[in-house]
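**Q** My file is final.cif. It has mmCIF, C-alpha atoms and all ligand atoms:
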data_protein
loop_
_atom_site.label_atom_id
_atom_site.label_comp_id
_atom_site.auth_asym_id
_atom_site.auth_seq_id
_atom_site.Cartn_x
_atom_site.Cartn_y
_atom_site.Cartn_z
CA MET A 1 -0.58 -57.70 209.31
CA GLU A 2 -0.19 -61.20 210.69
CA LYS A 3 1.97 -61.49 213.83
CA LYS A 4 4.72 -64.11 213.96
CA ASP A 5 3.76 -67.23 215.81
CA LEU A 6 6.07 -66.70 218.80
CA ASP A 7 5.50 -67.56 222.43
CA TRP A 8 5.91 -63.90 223.44
CA ALA A 9 5.67 -64.37 227.19
CA SER A 10 8.43 -66.96 227.32
CA LEU A 11 10.96 -65.02 225.22
CA GLY A 12 14.08 -64.04 227.12
CA PHE A 13 16.42 -61.13 226.50
CA GLY A 14 18.15 -62.71 223.53
CA TYR A 15 18.72 -62.33 219.82
CA VAL A 16 15.95 -63.52 217.54
CA GLN A 17 16.77 -62.74 213.92
CA THR A 18 14.05 -60.71 212.23
CA GLU A 19 13.55 -59.97 208.55
CA GLN A 20 14.83 -56.43 207.99
CA ARG A 21 17.52 -54.17 209.37
CA TYR A 22 18.72 -50.69 208.43
CA VAL A 23 22.22 -50.01 207.09
CA SER A 24 23.97 -46.80 206.13
CA ASN A 25 27.64 -46.36 205.23
CA PHE A 26 29.91 -43.39 205.74
CA LYS A 27 32.58 -42.91 203.08
CA ASP A 28 34.37 -39.96 201.46
CA GLY A 29 33.16 -37.69 204.23
CA LYS A 30 29.44 -38.40 203.95
CA TRP A 31 26.67 -40.80 204.91
CA ASP A 32 25.00 -42.55 201.98
CA GLU A 33 21.25 -42.73 201.44
CA GLY A 34 20.87 -45.81 203.69
CA GLY A 35 18.08 -48.34 203.60
CA LEU A 36 16.73 -51.69 204.70
CA THR A 37 18.37 -55.03 204.00
CA THR A 38 17.57 -58.66 204.74
CA ASP A 39 21.28 -59.48 205.20
CA ALA A 40 21.98 -59.99 208.91
CA ASN A 41 25.71 -60.59 208.40
CA ILE A 42 28.55 -58.10 208.15
CA VAL A 43 31.76 -58.80 206.24
CA LEU A 44 34.70 -56.71 207.43
CA ASN A 45 38.35 -56.38 206.58
CA GLU A 46 40.62 -58.06 209.15
CA CYS A 47 42.09 -54.67 210.04
CA ALA A 48 38.80 -52.78 210.45
CA GLY A 49 39.01 -49.98 213.03
CA VAL A 50 36.36 -51.55 215.23
CA LEU A 51 38.31 -54.80 215.46
CA GLN A 52 41.62 -53.17 216.33
CA TYR A 53 40.77 -50.18 218.51
CA ALA A 54 37.16 -50.78 219.53
CA GLN A 55 35.73 -47.79 217.71
CA THR A 56 32.09 -48.63 218.25
CA CYS A 57 29.07 -47.30 220.09
CA PHE A 58 25.42 -48.22 220.43
CA GLU A 59 21.96 -47.32 221.63
CA GLY A 60 18.97 -49.26 222.90
CA LEU A 61 15.25 -48.51 222.74
CA LYS A 62 11.97 -50.33 222.40
CA ALA A 63 8.85 -50.48 220.28
CA TYR A 64 5.64 -51.92 221.63
CA THR A 65 1.93 -52.15 221.08
CA THR A 66 -0.26 -49.79 223.08
CA GLU A 67 -3.58 -50.67 224.70
CA ASP A 68 -5.45 -49.30 221.66
CA GLY A 69 -3.31 -51.25 219.20
CA ARG A 70 -0.88 -48.60 217.95
CA ILE A 71 2.81 -49.44 217.50
CA VAL A 72 4.96 -46.79 219.18
CA THR A 73 8.48 -46.03 220.38
CA PHE A 74 9.49 -44.01 223.42
CA ARG A 75 11.51 -40.79 222.99
CA PRO A 76 13.70 -42.01 220.08
CA ASP A 77 14.90 -38.41 219.59
CA LEU A 78 16.81 -38.73 222.87
CA ASN A 79 18.57 -41.85 221.63
CA ALA A 80 19.46 -39.94 218.46
CA ASP A 81 20.87 -37.08 220.57
CA ARG A 82 22.83 -39.38 222.82
CA MET A 83 24.34 -41.34 219.95
CA TYR A 84 25.33 -38.04 218.35
CA THR A 85 27.22 -37.00 221.50
CA THR A 86 28.77 -40.44 221.87
CA ALA A 87 30.01 -40.41 218.27
CA GLN A 88 31.62 -37.00 218.74
CA ARG A 89 33.53 -38.20 221.80
CA LEU A 90 34.79 -41.24 219.86
CA GLU A 91 35.79 -39.20 216.76
CA MET A 92 33.14 -40.98 214.70
CA PRO A 93 30.94 -39.09 212.22
CA PRO A 94 27.66 -38.46 214.07
CA PHE A 95 24.65 -39.98 212.36
CA PRO A 96 22.08 -37.27 211.51
CA LYS A 97 19.40 -37.17 214.22
CA ASP A 98 16.40 -36.92 211.91
CA LYS A 99 17.68 -39.85 209.83
CA PHE A 100 18.17 -41.84 213.04
CA VAL A 101 14.52 -41.44 213.98
CA GLU A 102 13.42 -42.24 210.41
CA ALA A 103 15.58 -45.38 210.45
CA VAL A 104 14.04 -46.48 213.77
CA LYS A 105 10.58 -46.09 212.26
CA ALA A 106 11.55 -47.94 209.07
CA VAL A 107 12.94 -50.93 211.01
CA VAL A 108 9.89 -51.20 213.26
CA LYS A 109 7.52 -50.86 210.33
CA ALA A 110 9.34 -53.51 208.30
CA ASN A 111 9.29 -55.90 211.25
CA ALA A 112 5.81 -55.10 212.53
CA ALA A 113 5.03 -58.82 212.66
CA TYR A 114 7.62 -59.10 215.43
CA VAL A 115 6.21 -56.33 217.61
CA PRO A 116 4.68 -58.23 220.53
CA PRO A 117 0.97 -57.73 221.19
CA TYR A 118 -0.30 -55.52 224.02
CA GLY A 119 -0.51 -57.34 227.32
CA SER A 120 2.12 -59.97 226.48
CA GLY A 121 4.73 -58.09 228.49
CA ALA A 122 7.14 -58.57 225.58
CA THR A 123 8.55 -55.74 223.47
CA LEU A 124 10.60 -55.21 220.33
CA TYR A 125 14.11 -54.14 221.32
CA LEU A 126 15.96 -51.95 218.82
CA ARG A 127 19.71 -51.80 218.69
CA PRO A 128 21.24 -48.89 216.74
CA TYR A 129 25.03 -49.07 216.52
CA MET A 130 27.97 -47.74 214.57
CA PHE A 131 31.53 -48.90 214.00
CA GLY A 132 34.71 -48.12 212.07
CA THR A 133 34.98 -50.34 208.99
CA ASN A 134 38.12 -49.46 207.02
CA PRO A 135 41.59 -50.83 207.81
CA VAL A 136 43.29 -48.91 210.64
CA ILE A 137 46.63 -49.98 212.05
CA GLY A 138 48.19 -46.72 213.22
CA VAL A 139 46.14 -45.43 216.16
CA LYS A 140 43.71 -42.97 214.59
CA PRO A 141 40.01 -42.72 213.83
CA ALA A 142 38.67 -44.79 210.94
CA THR A 143 37.57 -42.89 207.86
CA GLU A 144 34.73 -45.24 206.92
CA TYR A 145 31.88 -46.33 209.17
CA GLN A 146 28.70 -48.34 209.16
CA PHE A 147 25.53 -47.43 211.05
CA ARG A 148 22.97 -50.17 211.60
CA ILE A 149 19.73 -50.80 213.45
CA PHE A 150 18.45 -54.30 213.99
CA CYS A 151 15.59 -55.38 216.19
CA THR A 152 14.77 -58.45 218.22
CA PRO A 153 11.64 -59.35 220.18
CA VAL A 154 12.38 -59.68 223.90
CA GLY A 155 10.28 -61.19 226.65
CA PRO A 156 8.87 -59.56 229.77
CA TYR A 157 11.75 -58.43 231.96
CA PHE A 158 10.11 -59.59 235.15
CA LYS A 159 8.70 -63.06 234.82
CA GLY A 160 6.45 -63.71 237.78
CA GLY A 161 6.81 -60.26 239.34
CA ALA A 162 9.68 -57.87 240.00
CA LYS A 163 11.80 -59.46 242.72
CA PRO A 164 14.17 -57.01 244.41
CA LEU A 165 17.85 -57.49 243.58
CA THR A 166 20.88 -57.80 245.80
CA LEU A 167 23.89 -55.74 244.66
CA CYS A 168 27.47 -55.54 245.81
CA VAL A 169 29.78 -52.56 245.98
CA SER A 170 32.46 -53.23 243.39
CA ASP A 171 36.19 -52.91 243.94
CA PHE A 172 36.49 -52.13 240.24
CA ASP A 173 35.84 -48.72 238.72
CA ARG A 174 33.40 -48.26 235.85
CA ALA A 175 34.53 -44.87 234.59
CA ALA A 176 37.33 -42.39 235.13
CA PRO A 177 36.45 -38.81 236.16
CA HIS A 178 37.16 -37.38 232.71
CA GLY A 179 36.77 -40.61 230.79
CA THR A 180 33.97 -42.16 228.74
CA GLY A 181 31.43 -43.09 231.42
CA ASN A 182 28.89 -40.61 230.07
CA ILE A 183 28.73 -42.08 226.55
CA LYS A 184 27.29 -45.34 225.28
CA ALA A 185 30.52 -46.88 224.01
CA GLY A 186 31.10 -50.61 223.63
CA LEU A 187 34.39 -50.21 225.48
CA ASN A 188 32.55 -49.37 228.74
CA TYR A 189 30.89 -52.75 228.54
CA ALA A 190 33.98 -54.72 227.53
CA MET A 191 35.74 -53.70 230.71
CA SER A 192 32.64 -54.32 232.85
CA LEU A 193 32.39 -58.01 231.89
CA HIS A 194 34.99 -59.23 234.36
CA PRO A 195 33.45 -57.37 237.34
CA ILE A 196 29.95 -58.61 236.51
CA VAL A 197 31.07 -62.21 236.05
CA GLU A 198 32.80 -62.01 239.42
CA ALA A 199 29.73 -60.44 241.05
CA HIS A 200 27.48 -63.16 239.64
CA LYS A 201 29.86 -65.86 240.91
CA ALA A 202 29.56 -64.32 244.38
CA GLY A 203 25.76 -64.40 244.12
CA TYR A 204 25.03 -60.73 243.33
CA ALA A 205 22.80 -59.48 240.55
CA GLU A 206 24.74 -56.29 239.77
CA ASN A 207 27.68 -54.15 240.84
CA MET A 208 27.25 -50.76 242.43
CA TYR A 209 30.13 -48.63 241.17
CA LEU A 210 31.45 -45.72 243.22
CA ASP A 211 33.17 -42.67 241.79
CA ALA A 212 36.71 -43.59 240.81
CA ALA A 213 38.36 -40.46 242.24
CA THR A 214 37.19 -40.66 245.87
CA ARG A 215 35.23 -43.93 246.14
CA THR A 216 32.72 -42.13 248.34
CA LYS A 217 29.94 -41.33 245.90
CA VAL A 218 27.38 -43.54 244.15
CA GLU A 219 27.71 -43.74 240.36
CA GLU A 220 25.68 -46.47 238.67
CA THR A 221 25.70 -50.19 237.83
CA GLY A 222 27.17 -51.60 234.63
CA GLY A 223 24.06 -50.75 232.64
CA ALA A 224 21.52 -48.84 234.72
CA ASN A 225 21.26 -45.60 236.72
CA PHE A 226 20.27 -45.49 240.38
CA LEU A 227 17.19 -43.89 241.75
CA PHE A 228 16.58 -43.65 245.49
CA VAL A 229 13.61 -42.59 247.57
CA THR A 230 14.28 -40.81 250.87
CA LYS A 231 12.30 -41.63 254.00
CA ASP A 232 10.28 -38.44 253.51
CA GLY A 233 9.31 -39.42 249.98
CA LYS A 234 11.72 -37.43 247.84
CA VAL A 235 13.17 -39.02 244.70
CA VAL A 236 16.93 -38.57 244.36
CA THR A 237 19.38 -39.69 241.68
CA PRO A 238 23.17 -39.32 241.46
CA LYS A 239 24.61 -36.39 239.58
CA SER A 240 27.99 -37.12 238.02
CA ASN A 241 29.82 -36.42 234.78
CA SER A 242 30.87 -40.04 234.54
CA ILE A 243 27.48 -41.77 234.50
CA LEU A 244 25.46 -42.50 231.39
CA PRO A 245 22.46 -40.17 231.11
CA SER A 246 19.68 -42.77 231.15
CA ILE A 247 16.59 -41.75 229.21
CA THR A 248 14.46 -43.85 231.56
CA ARG A 249 15.89 -42.12 234.63
CA ARG A 250 15.45 -38.65 233.09
CA SER A 251 11.86 -39.54 232.21
CA LEU A 252 11.15 -40.90 235.69
CA MET A 253 12.35 -37.64 237.27
CA ILE A 254 9.75 -35.79 235.18
CA VAL A 255 7.10 -38.39 236.02
CA ALA A 256 7.90 -37.98 239.74
CA ARG A 257 7.44 -34.20 239.58
CA GLU A 258 4.66 -33.80 237.07
CA TYR A 259 2.52 -36.89 237.47
CA LEU A 260 3.08 -37.81 241.12
CA GLY A 261 3.73 -34.37 242.66
CA LEU A 262 6.94 -35.57 244.30
CA GLU A 263 10.13 -33.66 244.82
CA ALA A 264 12.84 -35.05 242.55
CA GLU A 265 16.46 -34.03 242.77
CA GLU A 266 19.65 -34.87 240.90
CA ARG A 267 22.62 -34.39 243.20
CA GLU A 268 25.82 -36.01 244.43
CA ILE A 269 24.91 -38.98 246.60
CA PHE A 270 27.46 -40.22 249.11
CA PHE A 271 27.59 -43.94 249.74
CA ASP A 272 27.28 -43.14 253.44
CA GLU A 273 23.75 -41.84 252.84
CA VAL A 274 22.51 -44.99 251.13
CA LYS A 275 21.68 -46.76 254.42
CA ASP A 276 19.19 -43.97 255.18
CA PHE A 277 17.10 -44.32 252.01
CA ALA A 278 13.71 -46.01 252.00
CA GLU A 279 13.78 -47.43 248.46
CA CYS A 280 16.23 -48.09 245.68
CA GLY A 281 15.80 -48.95 242.02
CA LEU A 282 17.81 -49.35 238.81
CA CYS A 283 16.61 -47.50 235.72
CA GLY A 284 17.06 -48.48 232.12
CA THR A 285 15.17 -49.28 228.94
CA ALA A 286 15.27 -53.05 229.52
CA ALA A 287 13.36 -53.17 232.82
CA VAL A 288 12.20 -49.54 233.29
CA ILE A 289 12.89 -49.95 237.05
CA SER A 290 14.35 -52.99 238.78
CA PRO A 291 13.84 -52.77 242.54
CA VAL A 292 16.90 -53.21 244.76
CA GLY A 293 16.35 -54.78 248.17
CA LYS A 294 19.88 -55.08 249.49
CA ILE A 295 23.36 -53.70 248.87
CA VAL A 296 26.38 -55.49 250.32
CA ASP A 297 29.56 -53.54 250.97
CA HIS A 298 32.33 -56.03 251.79
CA GLY A 299 30.15 -58.05 254.12
CA LYS A 300 28.21 -55.11 255.53
CA GLU A 301 24.57 -55.27 254.47
CA ILE A 302 22.30 -52.36 253.71
CA CYS A 303 18.72 -53.61 253.66
CA PHE A 304 16.09 -51.22 252.36
CA PRO A 305 12.84 -51.05 254.34
CA SER A 306 10.94 -51.97 251.14
CA GLY A 307 12.33 -55.50 251.66
CA MET A 308 13.12 -58.43 249.37
CA ASP A 309 9.59 -59.33 248.26
CA GLU A 310 8.30 -56.41 246.25
CA MET A 311 9.03 -52.96 244.85
CA GLY A 312 8.89 -50.07 247.30
CA PRO A 313 5.59 -48.11 247.13
CA ILE A 314 7.02 -45.03 245.40
CA THR A 315 9.16 -47.09 243.05
CA LYS A 316 5.98 -48.96 242.14
CA LYS A 317 4.09 -45.74 241.45
CA LEU A 318 6.93 -44.49 239.25
CA TYR A 319 7.02 -47.80 237.41
CA ASP A 320 3.26 -47.97 236.91
CA THR A 321 3.07 -44.37 235.71
CA LEU A 322 5.91 -44.57 233.21
CA THR A 323 4.78 -47.92 231.82
CA GLY A 324 1.23 -46.50 231.73
CA ILE A 325 2.49 -43.64 229.56
CA GLN A 326 4.45 -46.01 227.35
CA MET A 327 1.54 -48.41 226.88
CA GLY A 328 -0.91 -45.62 226.07
CA ARG A 329 -2.98 -45.93 229.25
CA LEU A 330 -1.96 -42.45 230.45
CA ASP A 331 -1.58 -39.20 228.51
CA PRO A 332 2.09 -38.68 227.62
CA PRO A 333 4.03 -35.44 227.86
CA GLU A 334 4.38 -33.80 224.45
CA GLY A 335 6.70 -35.73 222.12
CA TRP A 336 7.35 -38.75 224.32
CA ILE A 337 5.42 -41.27 222.26
CA VAL A 338 6.29 -41.60 218.59
CA GLU A 339 3.80 -43.56 216.56
CA ILE A 340 5.04 -45.78 213.74
C1 LIG B 1 22.08 -47.66 228.39
C2 LIG B 1 22.57 -47.44 229.78
C3 LIG B 1 21.72 -47.03 230.82
C4 LIG B 1 20.23 -46.90 230.66
O1 LIG B 1 19.86 -45.89 229.77
P1 LIG B 1 18.39 -45.85 229.15
O2 LIG B 1 18.45 -44.74 228.18
O3 LIG B 1 17.45 -45.58 230.26
O4 LIG B 1 18.15 -47.19 228.54
C5 LIG B 1 22.28 -46.77 232.05
N1 LIG B 1 23.60 -46.94 232.29
C6 LIG B 1 24.44 -47.35 231.32
C7 LIG B 1 25.88 -47.52 231.63
C8 LIG B 1 23.96 -47.61 230.04
O5 LIG B 1 24.80 -48.01 229.09
#
How does the structure come out when it is put into structure tokens?
Ligand SMILES: *Cc1c(COP(=O)(O)O)cnc(C)c1O

**A**
Amino acid sequence: MEKKDLDWASLGFGYVQTEQRYVSNFKDGKWDEGGLTTDANIVLNECAGVLQYAQTCFEGLKAYTTEDGRIVTFRPDLNADRMYTTAQRLEMPPFPKDKFVEAVKAVVKANAAYVPPYGSGATLYLRPYMFGTNPVIGVKPATEYQFRIFCTPVGPYFKGGAKPLTLCVSDFDRAAPHGTGNIKAGLNYAMSLHPIVEAHKAGYAENMYLDAATRTKVEETGGANFLFVTKDGKVVTPKSNSILPSITRRSLMIVAREYLGLEAEEREIFFDEVKDFAECGLCGTAAVISPVGKIVDHGKEICFPSGMDEMGPITKKLYDTLTGIQMGRLDPPEGWIVEI
């Protein structure tokens, strides 16, 4: 298979249209057979449920080429699980988990020419999503839905090394205590756009959101979970019902324990404790871990000892180990790597 002639290393995180995508429709109470199509456009009725009441959710995962030339994806079964849970919360018909994984494989296989080569730092990003398609004007769930997966090649997340980020503590809330913070719904992102635009204007890379009820505990950023390292080398991550269960973060906790022999704990983390941590990182599919060097709380700076030049030493070990597993340089735990 001939690879596309793309300048992999200079790709950004943007949409590049590829040849094939997967589509399945839900109608009369069931999902159809589903299959690949070359049509990248969607024609919807003006009153479609997604357009009126934002009934839509999504997932994100990657395919890449390993050191020995295999094309693989990382834990797609967990994306299938999470989308299932998300759909239930939004009164959408969950897409069958086994079909989800099959669809991921079919899209990667059909677009193998767009899977960046090993060592380029680029990856193929997959975007599964689902939305209500039939006309809905009274407030109720749609009765017809479309599930799709498209893919787009994306460049290396860190061009010229992972520079630590500066975050600010947001005055906005991301998620209500019994709301939708724990599901991957488009609506969580719609409402986060204003806070992130404001944060960027003020010179910050991301917002740190606190729990909406007490504003004393760390939640997450708009699109990534926090991971901290204590001064005695323990990995800790916030436990909350209103944060999105990141697959990267859950995997890193296992990597910390089983590959690095570190203690790793999920617990409530008070903002007051943050100044005492040695390292901080943001976890998500896009970057695996982005190091955080500084957090600004209304003018008061918290500077992590790891500094503004490089990842902290434990963050780096976590990053190298998980990317080593993903790229086939280290033996993976059972079921983590799914070959196409
Ligand atoms: C997708 C997402 C993450 C990261 O999850 P991964 O499964 O690691 O990609 C974290 N927080 C939010 C709010 C997200 O939507």

**Q** When you draw a straight line from atom CA of A:Phe304 to atom CA of A:Lys231, how long is it in Å?

**A**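 It comes out at 10.4 Å.
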
**Q** Find the smallest box with edges along x, y and z containing every listed atom of ligand LIG 1 (chain B), then add 3 Å on each side and report centre and edge lengths in Å to one decimal, as JSON.

**A**
{"center_x": 21.7, "center_y": -46.4, "center_z": 230.2, "size_x": 14.4, "size_y": 9.3, "size_z": 10.1}

**Q** With only C-alpha atoms as the atoms that count, which of A:Ser120, A:Ile71, A:Asn111, A:Met130 lies nearest to A:Ala87?

**A**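 Smallest separation from A:Ala87 among the options: A:Met130.
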
**Q** Do you know which residues are at most 7 Å from stretch 43-45 of chain A counting all atoms listed in the file, after dropping those on the same chain fewer than 4 positions away, and could you put them as a ChimeraX atom specification?

**A** /A:133-135

**Q** Counting all atoms listed in the file, figure out which residue out of A:Glu279, A:Glu91, A:Asp309, A:Glu219 gets nearest to A:Lys140.

**A**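 Of all the options, A:Glu91 lies closest to A:Lys140.
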
**Q** Taking into account all atoms listed in the file, which residue in the set A:Ala224, A:Met191, A:Ala264, A:Met311 is nearest to A:Leu282?

**A**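 With all atoms listed in the file as the atom set, the closest residue is A:Ala224.
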
**Q** Within 9 Å of ligand LIG 1 (chain B) (counting only C-alpha atoms and all ligand atoms), which residues show up? I'd like them as JSON, numbers by chain.

**A** {"A": [58, 59, 60, 61, 78, 79, 82, 174, 181, 182, 183, 184, 185, 186, 188, 189, 220, 221, 222, 223, 224, 225, 226, 243, 244, 245, 246, 247, 248, 249, 250, 251, 282, 283, 284, 285, 286, 287, 288]}

**Q** Quick check, in Å to one decimal: how far apart do atom CA of A:Glu33 and atom CA of A:Val136 lie?

**A**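 Answer for the atom CA of A:Glu33 to atom CA of A:Val136 separation: 24.7 Å.
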
**Q** Taking (24.8, -60.7, 238.9) in the file's coordinates, which residues come within 8 Å, counting all atoms listed in the file, written as a PyMOL selection string?

**A** chain A and resi 167+196-197+199-201+203-207

**Q** One number please: atom CA of A:Gly161 to atom CA of A:Gly328, in Å, one decimal.

**A** 21.2 Å

**Q** Could you check the closest approach to A:Val274 for each of A:Pro156, A:Pro141, A:Pro76, A:Pro305 and tell me which residue wins, using all atoms listed in the file?

**A**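 Of the candidates, the smallest distance to A:Val274 is held by A:Pro305.
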
**Q** Restricting the calculation to all atoms listed in the file: of A:Val338, A:Leu227, A:Cys303, A:Met208, which residue gets closest to A:Glu266?

**A**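 The answer is A:Leu227, which sits nearest to A:Glu266.
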
**Q** Select, from A:Ala162, A:Asp232, A:Leu187, A:Gly307, the residue with the minimum atom-to-atom distance to A:Ile289, counting all atoms listed in the file.

**A**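 With all atoms listed in the file as the atom set, the closest residue is A:Ala162.
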
**Q** Find the residues near stretch 68-70 of chain A: any atom within 9 Å, counting only C-alpha atoms, skip ones fewer than 2 places away on the same chain, and give them as a list in words.

**A**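 Here the answer would be Tyr64, Thr65, Thr66, Val72, Pro117, Tyr118, Met327, Gly328, Arg329, Glu339 and Ile340 of chain A.
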
**Q** What lies within 10 Å of A:Ala212 using only C-alpha atoms, ignoring chain neighbours under 4 positions off, as a list of chain:residue names?

**A**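 With the cut-off at 10 Å, the set is A:Asp171, A:Phe172, A:Asp173, A:Arg174, A:Ala175, A:Ala176, A:Pro177, A:Thr216, A:Lys217, A:Val218, A:Glu219, A:Ser242.
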
**Q** With only C-alpha atoms counted, which protein, DNA or RNA residues have an atom no more than 10 Å from (38.4, -52.1, 210.6) in the file frame? Please answer as number ranges by chain.

**A** A: 44-55, 131-137, 142-145

**Q** Would you pick out the contacts of A:Asp39 at 12 Å or less, using all atoms listed in the file, so that residues sharing its chain but fewer than 6 positions from it are not included, and give the list as a list in words?

**A**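 So, after excluding close chain neighbours, the residues are Gln17, Thr18, Glu19, Gln20, Arg21, Tyr22, Val23, Arg148 and Phe150 of chain A.
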